[in-house]
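Taking it in order: structure first as structure tokens, then the write-up.
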Amino acid sequence: MQKKFELELNQLDILMKYLKEIIYEDCIVILRGDLASGKTTLVKNYVKACGYDDLVTSPTFSLQAIYSNDIFHYDVYNKTLSEFISLGMLEEFEKHGVHFVEWGDERLEEILNDYGYKVILIEIEKKDNKRLYKINA
């Protein structure tokens, strides 16, 4: 099922309300979009909507960040799928919580589905001062 939202930055609470309805523990959310499309901003707003005040930044160089012990945030922009796997990152998805993966490609999505993980795909497109969020859950 695909759902779409076209929102300005100050309207992200609408999207967060919906995401909190469909995202549950042990779910993997793959975020796709161009540079500066708002992938990290989405994670930041989700963490805030969960009532946490963790500092959310893009884990581009650290590969992974963990917020309040149960929200995991990955950025695979600088890594190939083979590198991501060889670093043992697939095993990280076994940890209890919600996992957000920026720049996860179709091959990663396929592997996760094959392993039986619940995967939600969110594609973000820039549209002037708005963003179009396409959610496949």
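To be explicit about the labels: the chains of the structure tokens are called A, B, and onward in the order shown, and within each one the residues are counted from 1, while ligands get numbers from 1 in the order they are shown.
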Shell around range 13-17 of chain A at 12 Å using only C-alpha atoms, local window under 3 positions removed, as a VMD selection string:
chain A and resid 3 to 10 20 to 23 41 to 51 122 131 to 135
In chain A, what's helix (DSSP H, G or I) per DSSP? Answer as a ChimeraX atom specification?
/A:9-22,39-49,81-86,89-92,106-114
Which of range 12-134 of chain A counts as strand (DSSP E or B) under DSSP, as a PyMOL selection string please?
chain A and resi 27-33+64-67+71-75+98-102+118-127+130-134
Write out the residues from the selection above, keeping N, CA, C and O atoms, as a compact mmCIF listing (two decimals), in the first residue's frame.
```txt
# COMPACT_ATOMS: atom_id res chain seq x y z
N CYS A 27 11.12 -2.93 13.07
CA CYS A 27 10.78 -2.54 11.70
C CYS A 27 11.99 -1.81 11.11
O CYS A 27 12.72 -1.12 11.83
N ILE A 28 12.18 -1.99 9.81
CA ILE A 28 13.27 -1.30 9.12
C ILE A 28 12.66 -0.33 8.12
O ILE A 28 11.83 -0.72 7.30
N VAL A 29 13.06 0.93 8.21
CA VAL A 29 12.55 1.97 7.33
C VAL A 29 13.69 2.41 6.42
O VAL A 29 14.70 2.92 6.89
N ILE A 30 13.53 2.17 5.13
CA ILE A 30 14.54 2.59 4.16
C ILE A 30 14.14 3.96 3.63
O ILE A 30 13.01 4.16 3.19
N LEU A 31 15.08 4.90 3.69
CA LEU A 31 14.84 6.27 3.24
C LEU A 31 15.63 6.53 1.96
O LEU A 31 16.85 6.36 1.95
N ARG A 32 14.92 6.92 0.92
CA ARG A 32 15.58 7.24 -0.35
C ARG A 32 15.21 8.66 -0.77
O ARG A 32 14.06 9.07 -0.63
N GLY A 33 16.18 9.35 -1.32
CA GLY A 33 15.97 10.71 -1.81
C GLY A 33 17.30 11.33 -2.14
O GLY A 33 18.35 10.86 -1.70
N GLN A 64 26.49 4.48 11.84
CA GLN A 64 25.33 4.18 12.68
C GLN A 64 25.27 5.12 13.87
O GLN A 64 26.29 5.47 14.46
N ALA A 65 24.04 5.52 14.22
CA ALA A 65 23.78 6.26 15.45
C ALA A 65 22.61 5.57 16.14
O ALA A 65 21.75 4.99 15.48
N ILE A 66 22.59 5.63 17.46
CA ILE A 66 21.50 5.02 18.23
C ILE A 66 20.91 6.09 19.12
O ILE A 66 21.63 6.81 19.83
N TYR A 67 19.59 6.20 19.09
CA TYR A 67 18.87 7.18 19.89
C TYR A 67 18.00 6.48 20.91
O TYR A 67 17.22 5.59 20.57
N ILE A 71 16.12 3.32 18.76
CA ILE A 71 15.97 3.87 17.41
C ILE A 71 17.37 3.90 16.80
O ILE A 71 18.26 4.58 17.30
N PHE A 72 17.54 3.12 15.75
CA PHE A 72 18.83 2.97 15.10
C PHE A 72 18.79 3.72 13.77
O PHE A 72 17.80 3.67 13.06
N HIS A 73 19.89 4.40 13.45
CA HIS A 73 19.94 5.27 12.27
C HIS A 73 21.24 4.96 11.52
O HIS A 73 22.33 5.09 12.08
N TYR A 74 21.10 4.55 10.28
CA TYR A 74 22.25 4.18 9.46
C TYR A 74 22.30 5.06 8.22
O TYR A 74 21.26 5.47 7.70
N ASP A 75 23.50 5.30 7.74
CA ASP A 75 23.68 6.03 6.49
C ASP A 75 24.69 5.24 5.67
O ASP A 75 25.84 5.11 6.05
N VAL A 98 13.48 0.24 16.19
CA VAL A 98 13.16 0.74 14.86
C VAL A 98 14.48 1.13 14.19
O VAL A 98 15.32 1.79 14.81
N HIS A 99 14.64 0.74 12.94
CA HIS A 99 15.88 0.97 12.20
C HIS A 99 15.59 1.83 10.97
O HIS A 99 14.79 1.45 10.12
N PHE A 100 16.24 2.99 10.88
CA PHE A 100 16.14 3.86 9.72
C PHE A 100 17.43 3.75 8.93
O PHE A 100 18.52 3.89 9.48
N VAL A 101 17.32 3.49 7.62
CA VAL A 101 18.49 3.34 6.76
C VAL A 101 18.42 4.36 5.63
O VAL A 101 17.57 4.26 4.74
N GLU A 102 19.31 5.36 5.68
CA GLU A 102 19.39 6.33 4.59
C GLU A 102 20.20 5.73 3.45
O GLU A 102 21.21 5.08 3.68
N LYS A 118 10.32 -6.79 8.45
CA LYS A 118 9.27 -5.86 8.06
C LYS A 118 9.98 -4.62 7.54
O LYS A 118 10.74 -3.98 8.26
N VAL A 119 9.79 -4.30 6.25
CA VAL A 119 10.48 -3.17 5.62
C VAL A 119 9.46 -2.16 5.11
O VAL A 119 8.49 -2.52 4.44
N ILE A 120 9.69 -0.91 5.46
CA ILE A 120 8.89 0.20 4.95
C ILE A 120 9.83 1.06 4.12
O ILE A 120 10.93 1.38 4.55
N LEU A 121 9.39 1.44 2.93
CA LEU A 121 10.19 2.30 2.05
C LEU A 121 9.57 3.68 2.03
O LEU A 121 8.36 3.82 1.79
N ILE A 122 10.39 4.69 2.27
CA ILE A 122 9.95 6.09 2.15
C ILE A 122 10.84 6.77 1.14
O ILE A 122 12.05 6.87 1.33
N GLU A 123 10.23 7.22 0.05
CA GLU A 123 10.94 7.98 -0.97
C GLU A 123 10.57 9.45 -0.81
O GLU A 123 9.39 9.79 -0.67
N ILE A 124 11.59 10.30 -0.83
CA ILE A 124 11.39 11.73 -0.60
C ILE A 124 11.82 12.49 -1.84
O ILE A 124 12.94 12.31 -2.32
N GLU A 125 10.93 13.33 -2.36
CA GLU A 125 11.24 14.16 -3.51
C GLU A 125 11.11 15.63 -3.13
O GLU A 125 10.14 16.03 -2.48
N LYS A 126 12.08 16.44 -3.55
CA LYS A 126 12.04 17.89 -3.34
C LYS A 126 11.05 18.50 -4.31
O LYS A 126 11.06 18.18 -5.50
N LYS A 127 10.19 19.38 -3.79
CA LYS A 127 9.23 20.10 -4.62
C LYS A 127 9.17 21.54 -4.10
O LYS A 127 8.36 21.84 -3.23
N LYS A 130 8.45 22.37 -0.53
CA LYS A 130 7.75 21.21 0.04
C LYS A 130 8.53 19.94 -0.29
O LYS A 130 9.45 19.95 -1.09
N ARG A 131 8.10 18.86 0.34
CA ARG A 131 8.63 17.54 0.04
C ARG A 131 7.46 16.60 -0.20
O ARG A 131 6.44 16.67 0.49
N LEU A 132 7.64 15.72 -1.19
CA LEU A 132 6.65 14.67 -1.45
C LEU A 132 7.21 13.39 -0.83
O LEU A 132 8.30 12.94 -1.19
N TYR A 133 6.46 12.84 0.11
CA TYR A 133 6.84 11.60 0.79
C TYR A 133 5.96 10.49 0.25
O TYR A 133 4.74 10.54 0.38
N LYS A 134 6.59 9.49 -0.36
CA LYS A 134 5.87 8.31 -0.85
C LYS A 134 6.22 7.16 0.08
O LYS A 134 7.39 6.76 0.17
```
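Closest approach to Ser37 in chain A from the set A:Asn136, A:Trp103, A:Leu87, A:Asn78 is made by A:Trp103, with distances taken over only C-alpha atoms.
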Tell me which protein, DNA and RNA residues are within 9 Å of range 80-84 of chain A, counting only C-alpha atoms, leaving out same-chain ones fewer than 3 positions away, and put them as a list in words.
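Contacts, with the query itself left out: Leu63, Val76, Tyr77, Leu87, Gly88, Met89, Leu90, Gly104, Asp105, Arg107 and Leu108 of chain A.
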Write a file of the just-selected residues containing N, CA, C and O atoms, as a short mmCIF file (atom, residue, chain, number, x, y, z; two decimals), in the first residue's frame.
```
data_model
loop_
_atom_site.label_atom_id
_atom_site.label_comp_id
_atom_site.auth_asym_id
_atom_site.auth_seq_id
_atom_site.Cartn_x
_atom_site.Cartn_y
_atom_site.Cartn_z
N LEU A 63 28.48 5.73 10.23
CA LEU A 63 27.66 4.64 9.69
C LEU A 63 26.41 4.38 10.51
O LEU A 63 25.37 4.10 9.97
N VAL A 76 24.22 4.68 4.55
CA VAL A 76 25.10 3.84 3.73
C VAL A 76 25.55 4.55 2.46
O VAL A 76 25.98 3.91 1.51
N TYR A 77 25.49 5.88 2.47
CA TYR A 77 25.87 6.67 1.30
C TYR A 77 27.30 6.37 0.84
O TYR A 77 27.56 6.23 -0.34
N LEU A 87 30.88 -5.38 7.28
CA LEU A 87 31.06 -4.71 8.57
C LEU A 87 30.13 -5.28 9.65
O LEU A 87 30.13 -4.83 10.79
N GLY A 88 29.32 -6.27 9.27
CA GLY A 88 28.42 -6.90 10.23
C GLY A 88 27.15 -6.13 10.49
O GLY A 88 26.46 -6.37 11.48
N MET A 89 26.82 -5.22 9.60
CA MET A 89 25.67 -4.36 9.85
C MET A 89 24.33 -5.07 9.70
O MET A 89 23.35 -4.67 10.33
N LEU A 90 24.25 -6.14 8.92
CA LEU A 90 22.98 -6.86 8.82
C LEU A 90 22.58 -7.42 10.18
O LEU A 90 21.39 -7.46 10.51
N GLY A 104 19.45 3.29 1.45
CA GLY A 104 19.33 1.85 1.21
C GLY A 104 18.79 1.60 -0.19
O GLY A 104 17.76 2.14 -0.56
N ASP A 105 19.50 0.79 -0.96
CA ASP A 105 19.08 0.56 -2.34
C ASP A 105 18.15 -0.65 -2.45
O ASP A 105 17.81 -1.29 -1.45
N ARG A 107 18.71 -3.57 -3.69
CA ARG A 107 19.34 -4.85 -3.31
C ARG A 107 19.26 -5.07 -1.80
O ARG A 107 18.99 -6.17 -1.35
N LEU A 108 19.50 -4.01 -1.02
CA LEU A 108 19.39 -4.13 0.43
C LEU A 108 17.94 -4.44 0.81
O LEU A 108 17.68 -5.31 1.64
#
```
As an exercise, work out the distance from CA of Asp114 in chain A to CA of Met1 in chain A in Å and give it to one decimal place.
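Interatomic distance, CA of Asp114 in chain A to CA of Met1 in chain A: 19.0 Å.
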